[in-house]
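Source file: coords.csv; contents: CSV, N, CA, C and O atoms.
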chain,number,residue,atom,x,y,z
A,335,MET,N,-147.1,-64.7,3.0
A,335,MET,CA,-147.0,-65.4,4.3
A,335,MET,C,-148.0,-64.7,5.2
A,335,MET,O,-148.1,-63.5,5.3
A,336,ALA,N,-148.7,-65.6,6.0
A,336,ALA,CA,-149.7,-65.1,6.9
A,336,ALA,C,-149.0,-64.3,8.0
A,336,ALA,O,-149.5,-63.2,8.4
A,337,GLU,N,-147.9,-64.8,8.5
A,337,GLU,CA,-147.2,-64.1,9.6
A,337,GLU,C,-145.9,-63.6,9.0
A,337,GLU,O,-145.1,-64.3,8.4
A,338,SER,N,-145.6,-62.3,9.3
A,338,SER,CA,-144.4,-61.7,8.8
A,338,SER,C,-143.2,-62.1,9.6
A,338,SER,O,-143.2,-61.9,10.8
A,339,VAL,N,-142.2,-62.6,9.0
A,339,VAL,CA,-141.0,-63.0,9.6
A,339,VAL,C,-139.8,-62.2,9.1
A,339,VAL,O,-139.7,-62.0,7.9
A,340,LYS,N,-139.0,-61.6,10.0
A,340,LYS,CA,-137.9,-60.8,9.5
A,340,LYS,C,-136.8,-61.7,9.0
A,340,LYS,O,-136.4,-62.7,9.7
A,341,ILE,N,-136.4,-61.5,7.8
A,341,ILE,CA,-135.3,-62.2,7.2
A,341,ILE,C,-134.0,-61.6,7.6
A,341,ILE,O,-133.7,-60.5,7.3
A,342,VAL,N,-133.2,-62.4,8.3
A,342,VAL,CA,-131.9,-62.0,8.8
A,342,VAL,C,-130.8,-62.3,7.7
A,342,VAL,O,-130.8,-63.3,7.1
A,343,GLU,N,-130.0,-61.3,7.5
A,343,GLU,CA,-128.9,-61.5,6.5
A,343,GLU,C,-127.8,-62.3,7.2
A,343,GLU,O,-127.5,-62.2,8.4
A,344,GLY,N,-127.2,-63.2,6.4
A,344,GLY,CA,-126.1,-64.0,6.9
A,344,GLY,C,-125.5,-64.8,5.8
A,344,GLY,O,-125.8,-64.6,4.6
A,345,ARG,N,-124.8,-65.9,6.1
A,345,ARG,CA,-124.1,-66.7,5.1
A,345,ARG,C,-124.8,-68.0,4.9
A,345,ARG,O,-124.4,-68.7,4.0
A,346,ALA,N,-125.8,-68.3,5.6
A,346,ALA,CA,-126.5,-69.6,5.5
A,346,ALA,C,-127.2,-69.7,4.2
A,346,ALA,O,-127.0,-70.7,3.4
A,347,LEU,N,-128.0,-68.8,3.9
A,347,LEU,CA,-128.8,-68.7,2.6
A,347,LEU,C,-128.9,-67.2,2.2
A,347,LEU,O,-128.9,-66.4,3.1
A,348,THR,N,-129.2,-67.0,0.9
A,348,THR,CA,-129.4,-65.6,0.5
A,348,THR,C,-130.8,-65.2,0.9
A,348,THR,O,-131.7,-66.0,1.2
A,349,ALA,N,-131.1,-63.9,0.9
A,349,ALA,CA,-132.4,-63.4,1.3
A,349,ALA,C,-133.4,-64.0,0.4
A,349,ALA,O,-134.6,-64.3,0.8
A,350,GLN,N,-133.1,-64.0,-0.9
A,350,GLN,CA,-134.1,-64.6,-1.9
A,350,GLN,C,-134.4,-66.1,-1.7
A,350,GLN,O,-135.5,-66.5,-1.7
A,351,GLN,N,-133.3,-66.8,-1.3
A,351,GLN,CA,-133.5,-68.2,-1.1
A,351,GLN,C,-134.4,-68.4,0.2
A,351,GLN,O,-135.3,-69.3,0.2
A,352,LYS,N,-134.2,-67.6,1.2
A,352,LYS,CA,-135.0,-67.7,2.4
A,352,LYS,C,-136.5,-67.3,2.1
A,352,LYS,O,-137.4,-68.0,2.5
A,353,LYS,N,-136.7,-66.2,1.3
A,353,LYS,CA,-138.0,-65.8,0.9
A,353,LYS,C,-138.7,-66.9,0.2
A,353,LYS,O,-139.9,-67.2,0.4
A,354,ASP,N,-138.1,-67.5,-0.8
A,354,ASP,CA,-138.7,-68.6,-1.6
A,354,ASP,C,-139.1,-69.8,-0.7
A,354,ASP,O,-140.2,-70.3,-0.8
A,355,LEU,N,-138.2,-70.2,0.2
A,355,LEU,CA,-138.5,-71.3,1.1
A,355,LEU,C,-139.7,-70.9,2.1
A,355,LEU,O,-140.6,-71.7,2.3
A,356,LEU,N,-139.7,-69.7,2.6
A,356,LEU,CA,-140.8,-69.3,3.5
A,356,LEU,C,-142.1,-69.2,2.7
A,356,LEU,O,-143.1,-69.6,3.3
A,357,ASN,N,-142.1,-68.8,1.5
A,357,ASN,CA,-143.3,-68.8,0.7
A,357,ASN,C,-143.8,-70.2,0.5
A,357,ASN,O,-145.0,-70.5,0.6
A,358,ARG,N,-142.9,-71.1,0.1
A,358,ARG,CA,-143.3,-72.5,-0.1
A,358,ARG,C,-143.9,-73.1,1.2
A,358,ARG,O,-144.9,-73.8,1.2
A,359,LEU,N,-143.2,-72.8,2.3
A,359,LEU,CA,-143.7,-73.4,3.6
A,359,LEU,C,-145.1,-72.8,4.0
A,359,LEU,O,-145.9,-73.5,4.6
A,360,ALA,N,-145.3,-71.5,3.6
A,360,ALA,CA,-146.6,-70.9,3.9
A,360,ALA,C,-147.7,-71.6,3.1
A,360,ALA,O,-148.8,-71.8,3.6
A,361,ARG,N,-147.4,-72.0,1.8
A,361,ARG,CA,-148.4,-72.7,1.0
A,361,ARG,C,-148.7,-74.1,1.6
A,361,ARG,O,-149.8,-74.6,1.7
A,362,ILE,N,-147.6,-74.7,2.1
A,362,ILE,CA,-147.8,-76.1,2.8
A,362,ILE,C,-148.6,-75.9,4.0
A,362,ILE,O,-149.5,-76.7,4.3
A,363,GLU,N,-148.4,-74.9,4.8
A,363,GLU,CA,-149.2,-74.6,6.0
A,363,GLU,C,-150.7,-74.5,5.6
A,363,GLU,O,-151.5,-75.0,6.3
A,364,GLY,N,-150.9,-73.8,4.5
A,364,GLY,CA,-152.3,-73.7,4.1
A,364,GLY,C,-152.9,-75.1,3.7
A,364,GLY,O,-154.1,-75.4,4.0
A,365,GLN,N,-152.1,-75.9,3.0
A,365,GLN,CA,-152.5,-77.2,2.7
A,365,GLN,C,-152.9,-78.0,3.9
A,365,GLN,O,-153.9,-78.7,4.0
A,366,LEU,N,-152.0,-77.9,5.0
A,366,LEU,CA,-152.3,-78.6,6.2
A,366,LEU,C,-153.5,-78.2,6.9
A,366,LEU,O,-154.3,-79.0,7.5
A,367,ARG,N,-153.8,-76.9,6.9
A,367,ARG,CA,-155.1,-76.4,7.4
A,367,ARG,C,-156.2,-76.9,6.7
A,367,ARG,O,-157.3,-77.3,7.3
A,368,GLY,N,-156.1,-77.1,5.4
A,368,GLY,CA,-157.1,-77.7,4.6
A,368,GLY,C,-157.3,-79.2,4.9
A,368,GLY,O,-158.5,-79.7,5.0
A,369,VAL,N,-156.3,-79.9,5.2
A,369,VAL,CA,-156.4,-81.3,5.6
A,369,VAL,C,-157.1,-81.4,7.0
A,369,VAL,O,-158.0,-82.2,7.1
A,370,GLN,N,-156.8,-80.5,7.9
A,370,GLN,CA,-157.4,-80.5,9.2
A,370,GLN,C,-158.9,-80.3,9.0
A,370,GLN,O,-159.7,-80.9,9.6
A,371,LYS,N,-159.3,-79.4,8.1
A,371,LYS,CA,-160.7,-79.1,7.9
A,371,LYS,C,-161.4,-80.3,7.2
A,371,LYS,O,-162.5,-80.7,7.6
A,372,LEU,N,-160.7,-81.0,6.3
A,372,LEU,CA,-161.3,-82.2,5.7
A,372,LEU,C,-161.5,-83.3,6.7
A,372,LEU,O,-162.5,-84.0,6.7
A,373,ILE,N,-160.5,-83.4,7.6
A,373,ILE,CA,-160.7,-84.4,8.7
A,373,ILE,C,-161.9,-84.1,9.6
A,373,ILE,O,-162.7,-85.0,9.9
A,374,ALA,N,-162.0,-82.8,10.0
A,374,ALA,CA,-163.1,-82.4,10.8
A,374,ALA,C,-164.5,-82.6,10.2
A,374,ALA,O,-165.4,-83.0,10.8
A,375,LEU,N,-164.5,-82.5,8.8
A,375,LEU,CA,-165.8,-82.6,8.1
A,375,LEU,C,-166.0,-84.0,7.5
A,375,LEU,O,-167.1,-84.2,7.0
A,376,ALA,N,-165.1,-84.9,7.7
A,376,ALA,CA,-165.3,-86.2,7.1
A,376,ALA,C,-166.5,-86.9,7.7
A,376,ALA,O,-166.6,-87.1,8.9
A,377,ALA,N,-167.4,-87.4,6.9
A,377,ALA,CA,-168.6,-88.0,7.3
A,377,ALA,C,-168.8,-89.4,6.7
A,377,ALA,O,-169.5,-90.2,7.3
A,378,GLU,N,-168.3,-89.6,5.5
A,378,GLU,CA,-168.4,-90.8,4.8
A,378,GLU,C,-167.0,-91.5,4.6
A,378,GLU,O,-166.0,-90.8,4.6
A,379,PRO,N,-167.0,-92.8,4.5
A,379,PRO,CA,-165.8,-93.5,4.2
A,379,PRO,C,-165.0,-92.9,3.0
A,379,PRO,O,-163.7,-92.9,3.1
A,380,ALA,N,-165.6,-92.5,2.0
A,380,ALA,CA,-165.0,-92.0,0.8
A,380,ALA,C,-164.2,-90.7,1.2
A,380,ALA,O,-163.3,-90.3,0.5
A,381,ASP,N,-164.6,-90.0,2.2
A,381,ASP,CA,-164.0,-88.7,2.6
A,381,ASP,C,-162.5,-89.0,3.0
A,381,ASP,O,-161.7,-88.1,2.9
A,382,CYS,N,-162.3,-90.2,3.5
A,382,CYS,CA,-160.9,-90.6,3.9
A,382,CYS,C,-160.0,-90.6,2.7
A,382,CYS,O,-158.8,-90.3,2.8
A,383,ASP,N,-160.5,-90.9,1.5
A,383,ASP,CA,-159.7,-90.8,0.3
A,383,ASP,C,-159.2,-89.4,0.0
A,383,ASP,O,-158.0,-89.2,-0.3
A,384,ALA,N,-160.1,-88.5,0.2
A,384,ALA,CA,-159.7,-87.1,-0.1
A,384,ALA,C,-158.7,-86.6,1.0
A,384,ALA,O,-157.7,-85.9,0.6
A,385,VAL,N,-158.8,-87.0,2.2
A,385,VAL,CA,-157.9,-86.7,3.3
A,385,VAL,C,-156.5,-87.3,2.9
A,385,VAL,O,-155.5,-86.6,3.0
A,386,ALA,N,-156.5,-88.6,2.6
A,386,ALA,CA,-155.2,-89.2,2.2
A,386,ALA,C,-154.5,-88.6,1.0
A,386,ALA,O,-153.3,-88.4,1.0
A,387,GLN,N,-155.3,-88.2,0.0
A,387,GLN,CA,-154.8,-87.5,-1.1
A,387,GLN,C,-154.1,-86.2,-0.8
A,387,GLN,O,-153.0,-85.9,-1.2
A,388,GLN,N,-154.8,-85.4,0.0
A,388,GLN,CA,-154.3,-84.1,0.4
A,388,GLN,C,-153.1,-84.3,1.4
A,388,GLN,O,-152.1,-83.5,1.3
A,389,MET,N,-153.1,-85.3,2.2
A,389,MET,CA,-151.9,-85.5,3.1
A,389,MET,C,-150.7,-85.9,2.2
A,389,MET,O,-149.6,-85.4,2.5
A,390,ALA,N,-150.9,-86.7,1.2
A,390,ALA,CA,-149.8,-87.1,0.3
A,390,ALA,C,-149.3,-85.9,-0.4
A,390,ALA,O,-148.1,-85.8,-0.6
A,391,ALA,N,-150.2,-85.0,-0.8
A,391,ALA,CA,-149.7,-83.8,-1.6
A,391,ALA,C,-148.9,-82.9,-0.6
A,391,ALA,O,-147.9,-82.4,-1.0
A,392,ALA,N,-149.4,-82.8,0.6
A,392,ALA,CA,-148.6,-81.9,1.6
A,392,ALA,C,-147.3,-82.5,1.9
A,392,ALA,O,-146.3,-81.8,2.0
A,393,ARG,N,-147.2,-83.8,2.0
A,393,ARG,CA,-146.0,-84.5,2.3
A,393,ARG,C,-145.0,-84.3,1.1
A,393,ARG,O,-143.8,-84.0,1.3
A,394,LYS,N,-145.5,-84.5,-0.1
A,394,LYS,CA,-144.6,-84.3,-1.3
A,394,LYS,C,-144.2,-82.8,-1.3
A,394,LYS,O,-143.0,-82.6,-1.7
A,395,ALA,N,-145.0,-81.9,-1.0
A,395,ALA,CA,-144.6,-80.5,-1.1
A,395,ALA,C,-143.6,-80.2,0.0
A,395,ALA,O,-142.6,-79.4,-0.3
A,396,LEU,N,-143.7,-80.8,1.1
A,396,LEU,CA,-142.7,-80.6,2.2
A,396,LEU,C,-141.3,-81.3,1.8
A,396,LEU,O,-140.3,-80.7,2.0
A,397,ASP,N,-141.4,-82.4,1.1
A,397,ASP,CA,-140.2,-83.1,0.6
A,397,ASP,C,-139.5,-82.2,-0.5
A,397,ASP,O,-138.3,-82.0,-0.5
A,398,ARG,N,-140.3,-81.5,-1.3
A,398,ARG,CA,-139.7,-80.6,-2.3
A,398,ARG,C,-139.1,-79.4,-1.7
A,398,ARG,O,-138.0,-79.0,-2.1
A,399,SER,N,-139.7,-78.9,-0.6
A,399,SER,CA,-139.1,-77.8,0.1
A,399,SER,C,-137.7,-78.2,0.8
A,399,SER,O,-136.8,-77.4,0.8
A,400,PHE,N,-137.7,-79.5,1.2
A,400,PHE,CA,-136.4,-80.0,1.8
A,400,PHE,C,-135.3,-80.0,0.7
A,400,PHE,O,-134.2,-79.6,0.9
A,401,VAL,N,-135.7,-80.5,-0.5
A,401,VAL,CA,-134.7,-80.5,-1.6
A,401,VAL,C,-134.3,-79.1,-2.0
A,401,VAL,O,-133.2,-78.9,-2.3
A,402,GLN,N,-135.3,-78.2,-2.0
A,402,GLN,CA,-135.0,-76.8,-2.3
A,402,GLN,C,-134.0,-76.2,-1.3
A,402,GLN,O,-133.1,-75.5,-1.7
A,403,LEU,N,-134.2,-76.6,0.0
A,403,LEU,CA,-133.2,-76.1,1.0
A,403,LEU,C,-131.9,-76.7,0.8
A,403,LEU,O,-130.9,-75.9,0.8
A,404,LEU,N,-131.8,-78.0,0.5
A,404,LEU,CA,-130.5,-78.6,0.3
A,404,LEU,C,-129.8,-78.0,-1.0
A,404,LEU,O,-128.6,-77.7,-1.0
A,405,THR,N,-130.6,-77.8,-2.0
A,405,THR,CA,-130.0,-77.2,-3.3
A,405,THR,C,-129.5,-75.8,-3.0
A,405,THR,O,-128.4,-75.5,-3.4
A,406,ALA,N,-130.2,-75.0,-2.3
A,406,ALA,CA,-129.8,-73.6,-2.0
A,406,ALA,C,-128.6,-73.7,-1.1
A,406,ALA,O,-127.6,-72.9,-1.3
A,407,THR,N,-128.5,-74.6,-0.2
A,407,THR,CA,-127.4,-74.7,0.7
A,407,THR,C,-126.1,-75.1,-0.1
A,407,THR,O,-125.0,-74.5,0.1
A,408,VAL,N,-126.2,-76.0,-1.0
A,408,VAL,CA,-125.1,-76.4,-1.8
A,408,VAL,C,-124.6,-75.3,-2.7
A,408,VAL,O,-123.4,-75.0,-2.7
A,409,VAL,N,-125.5,-74.6,-3.3
A,409,VAL,CA,-125.1,-73.4,-4.2
A,409,VAL,C,-124.4,-72.3,-3.3
A,409,VAL,O,-123.3,-71.9,-3.6
A,410,THR,N,-125.1,-71.9,-2.3
A,410,THR,CA,-124.6,-70.8,-1.5
A,410,THR,C,-123.3,-71.2,-0.8
A,410,THR,O,-122.3,-70.4,-0.8
A,411,HIS,N,-123.2,-72.3,-0.2
A,411,HIS,CA,-121.9,-72.7,0.5
A,411,HIS,C,-120.8,-73.0,-0.4
A,411,HIS,O,-119.6,-72.7,-0.1
A,412,SER,N,-121.1,-73.5,-1.6
A,412,SER,CA,-120.0,-73.7,-2.6
A,412,SER,C,-119.4,-72.4,-3.1
A,412,SER,O,-118.2,-72.3,-3.2
A,413,GLU,N,-120.3,-71.4,-3.3
A,413,GLU,CA,-119.8,-70.1,-3.7
A,413,GLU,C,-119.0,-69.4,-2.7
A,413,GLU,O,-118.1,-68.6,-3.0
A,414,GLN,N,-119.2,-69.7,-1.4
A,414,GLN,CA,-118.5,-69.1,-0.3
A,414,GLN,C,-117.2,-69.8,0.1
A,414,GLN,O,-116.4,-69.2,0.8
A,415,ALA,N,-117.0,-70.9,-0.5
A,415,ALA,CA,-115.7,-71.7,-0.1
A,415,ALA,C,-114.5,-70.9,-0.6
A,415,ALA,O,-114.4,-70.5,-1.8
A,416,GLY,N,-113.6,-70.6,0.3
A,416,GLY,CA,-112.4,-69.8,0.0
A,416,GLY,C,-111.3,-70.6,-0.5
A,416,GLY,O,-110.4,-70.1,-1.1
A,417,SER,N,-111.4,-71.9,-0.2
A,417,SER,CA,-110.3,-72.8,-0.6
A,417,SER,C,-110.8,-74.2,-0.9
A,417,SER,O,-112.0,-74.5,-0.6
A,418,LEU,N,-110.0,-75.0,-1.5
A,418,LEU,CA,-110.4,-76.4,-1.7
A,418,LEU,C,-110.7,-77.1,-0.4
A,418,LEU,O,-111.7,-77.9,-0.4
A,419,GLU,N,-110.0,-76.8,0.6
A,419,GLU,CA,-110.3,-77.4,1.9
A,419,GLU,C,-111.6,-77.0,2.5
A,419,GLU,O,-112.4,-77.8,3.0
A,420,ASP,N,-111.9,-75.7,2.3
A,420,ASP,CA,-113.3,-75.2,2.7
A,420,ASP,C,-114.4,-75.9,1.9
A,420,ASP,O,-115.4,-76.3,2.5
A,421,ALA,N,-114.2,-76.1,0.6
A,421,ALA,CA,-115.1,-76.7,-0.2
A,421,ALA,C,-115.3,-78.2,0.2
A,421,ALA,O,-116.5,-78.7,0.2
A,422,ARG,N,-114.2,-78.9,0.5
A,422,ARG,CA,-114.3,-80.3,1.0
A,422,ARG,C,-115.1,-80.4,2.3
A,422,ARG,O,-115.9,-81.3,2.5
A,423,ALA,N,-114.8,-79.5,3.2
A,423,ALA,CA,-115.5,-79.5,4.5
A,423,ALA,C,-116.9,-79.2,4.3
A,423,ALA,O,-117.8,-79.9,5.0
A,424,THR,N,-117.3,-78.3,3.4
A,424,THR,CA,-118.7,-78.0,3.1
A,424,THR,C,-119.4,-79.2,2.6
A,424,THR,O,-120.5,-79.6,3.0
A,425,ALA,N,-118.7,-79.9,1.6
A,425,ALA,CA,-119.3,-81.1,1.0
A,425,ALA,C,-119.5,-82.2,2.0
A,425,ALA,O,-120.5,-82.9,2.0
A,426,ALA,N,-118.5,-82.4,2.9
A,426,ALA,CA,-118.7,-83.4,4.0
A,426,ALA,C,-119.8,-83.1,4.9
A,426,ALA,O,-120.6,-84.0,5.3
A,427,ARG,N,-120.0,-81.8,5.3
A,427,ARG,CA,-121.1,-81.4,6.1
A,427,ARG,C,-122.4,-81.6,5.5
A,427,ARG,O,-123.4,-82.1,6.1
A,428,LEU,N,-122.5,-81.3,4.2
A,428,LEU,CA,-123.8,-81.5,3.5
A,428,LEU,C,-124.1,-82.9,3.2
A,428,LEU,O,-125.2,-83.4,3.3
A,429,ALA,N,-123.0,-83.8,3.0
A,429,ALA,CA,-123.2,-85.2,2.9
A,429,ALA,C,-123.8,-85.8,4.2
A,429,ALA,O,-124.7,-86.6,4.2
A,430,ALA,N,-123.2,-85.3,5.3
A,430,ALA,CA,-123.7,-85.8,6.6
A,430,ALA,C,-125.2,-85.4,6.8
A,430,ALA,O,-126.0,-86.1,7.4
A,431,LEU,N,-125.5,-84.2,6.4
A,431,LEU,CA,-126.9,-83.7,6.5
A,431,LEU,C,-127.8,-84.5,5.7
A,431,LEU,O,-128.9,-84.9,6.2
A,432,LEU,N,-127.4,-84.9,4.5
A,432,LEU,CA,-128.2,-85.8,3.6
A,432,LEU,C,-128.4,-87.1,4.3
A,432,LEU,O,-129.5,-87.7,4.3
A,433,ASP,N,-127.3,-87.7,4.8
A,433,ASP,CA,-127.3,-89.0,5.4
A,433,ASP,C,-128.2,-89.0,6.6
A,433,ASP,O,-129.0,-90.0,6.8
A,434,LYS,N,-128.2,-87.9,7.3
A,434,LYS,CA,-129.0,-87.8,8.6
A,434,LYS,C,-130.5,-87.6,8.3
A,434,LYS,O,-131.4,-88.3,9.0
A,435,PHE,N,-130.9,-86.8,7.3
A,435,PHE,CA,-132.3,-86.4,7.2
A,435,PHE,C,-133.0,-86.9,5.9
A,435,PHE,O,-134.2,-86.8,5.8
A,436,ALA,N,-132.2,-87.4,4.9
A,436,ALA,CA,-132.8,-87.8,3.7
A,436,ALA,C,-133.2,-89.3,3.7
A,436,ALA,O,-132.9,-90.0,4.5
What's the structure tokens form of this structure?
Amino acid sequence: MAESVKIVEGRALTAQQKKDLLNRLARIEGQLRGVQKLIALAAEPADCDAVAQQMAAARKALDRSFVQLLTATVVTHSEQAGSLEDARATAARLAALLDKFA
């Protein structure tokens, strides 16, 4: 990662899950900087094809990171459920999250 971010311990995600997500987002950030450069240097109509291709790749990478976040959340929060009621509440919260953002 270009910028060092302190990883806080907590119950949301494990430190490894956070590290993996942050690394993925740093790669996406690099892709987006590349897209910006391609746009700035675009001189021919065909250059727009390369920009579109890279934008689509960055969008797909961001979508994959969203799925990775949801997967990590399901795993972590399911493991932390102390009772069936807690597990149901977690499942309902995650379902609402999917409904809202997916």
Excluding Leu355 in chain A and any residue of its chain fewer than 6 positions from it, enumerate the residues within 7 Å of it, using all atoms listed in the file, and give them as an mmCIF file with N, CA, C and O atoms, keeping the file's coordinate frame.
data_model
loop_
_atom_site.group_PDB
_atom_site.id
_atom_site.type_symbol
_atom_site.label_atom_id
_atom_site.label_comp_id
_atom_site.auth_asym_id
_atom_site.auth_seq_id
_atom_site.Cartn_x
_atom_site.Cartn_y
_atom_site.Cartn_z
ATOM 1 N N ALA A 349 -131.100 -63.900 0.900
ATOM 2 C CA ALA A 349 -132.400 -63.400 1.300
ATOM 3 C C ALA A 349 -133.400 -64.000 0.400
ATOM 4 O O ALA A 349 -134.600 -64.300 0.800
ATOM 5 N N ARG A 361 -147.400 -72.000 1.800
ATOM 6 C CA ARG A 361 -148.400 -72.700 1.000
ATOM 7 C C ARG A 361 -148.700 -74.100 1.600
ATOM 8 O O ARG A 361 -149.800 -74.600 1.700
ATOM 9 N N SER A 399 -139.700 -78.900 -0.600
ATOM 10 C CA SER A 399 -139.100 -77.800 0.100
ATOM 11 C C SER A 399 -137.700 -78.200 0.800
ATOM 12 O O SER A 399 -136.800 -77.400 0.800
ATOM 13 N N LEU A 403 -134.200 -76.600 0.000
ATOM 14 C CA LEU A 403 -133.200 -76.100 1.000
ATOM 15 C C LEU A 403 -131.900 -76.700 0.800
ATOM 16 O O LEU A 403 -130.900 -75.900 0.800
#
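Coordinates place atom N of Ile362 in chain A at a distance of 23.9 Å from atom C of Val409 in chain A.
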Closest to Gln365 in chain A among A:Gln388, A:Glu413, A:Ala430, A:Arg422, using only N, CA, C and O atoms?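 Closest to Gln365 in chain A, using only N, CA, C and O atoms: A:Gln388.
Taking CA of Gln351 in chain A and atom O of Leu428 in chain A as endpoints, the distance between them is 17.9 Å.
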Expressed in Å to a single decimal, how great is the separation between atom C of Ala346 in chain A and atom O of Ala392 in chain A?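 Taking atom C of Ala346 in chain A and atom O of Ala392 in chain A, their separation equals 22.7 Å.
Counting all atoms listed in the file and comparing A:Leu366, A:Ala423, A:Leu356, A:Leu404, the residue that lies closest to Met389 in chain A is A:Leu366.
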Please give the complete set of residues from range 338-423 of chain A that DSSP, run on the backbone, assigns to helix (DSSP H, G or I), formatted as a PyMOL selection string. chain A and resi 349-375+381-414+418-423
Is there a way to get, as a list in words, all residues within 8 Å of the point (-133.3, -82.6, 6.5) in file coordinates, counting all atoms listed in the file? Phe400, Val401, Leu404, Leu431, Leu432, Lys434, Phe435 and Ala436 of chain A
Nearest candidate to Leu347 in chain A (options A:Val408, A:Leu375, A:Ala421, A:Asp433; using only C-alpha atoms):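 Looking at the shortest contact to Leu347 in chain A, the residue is A:Val408.
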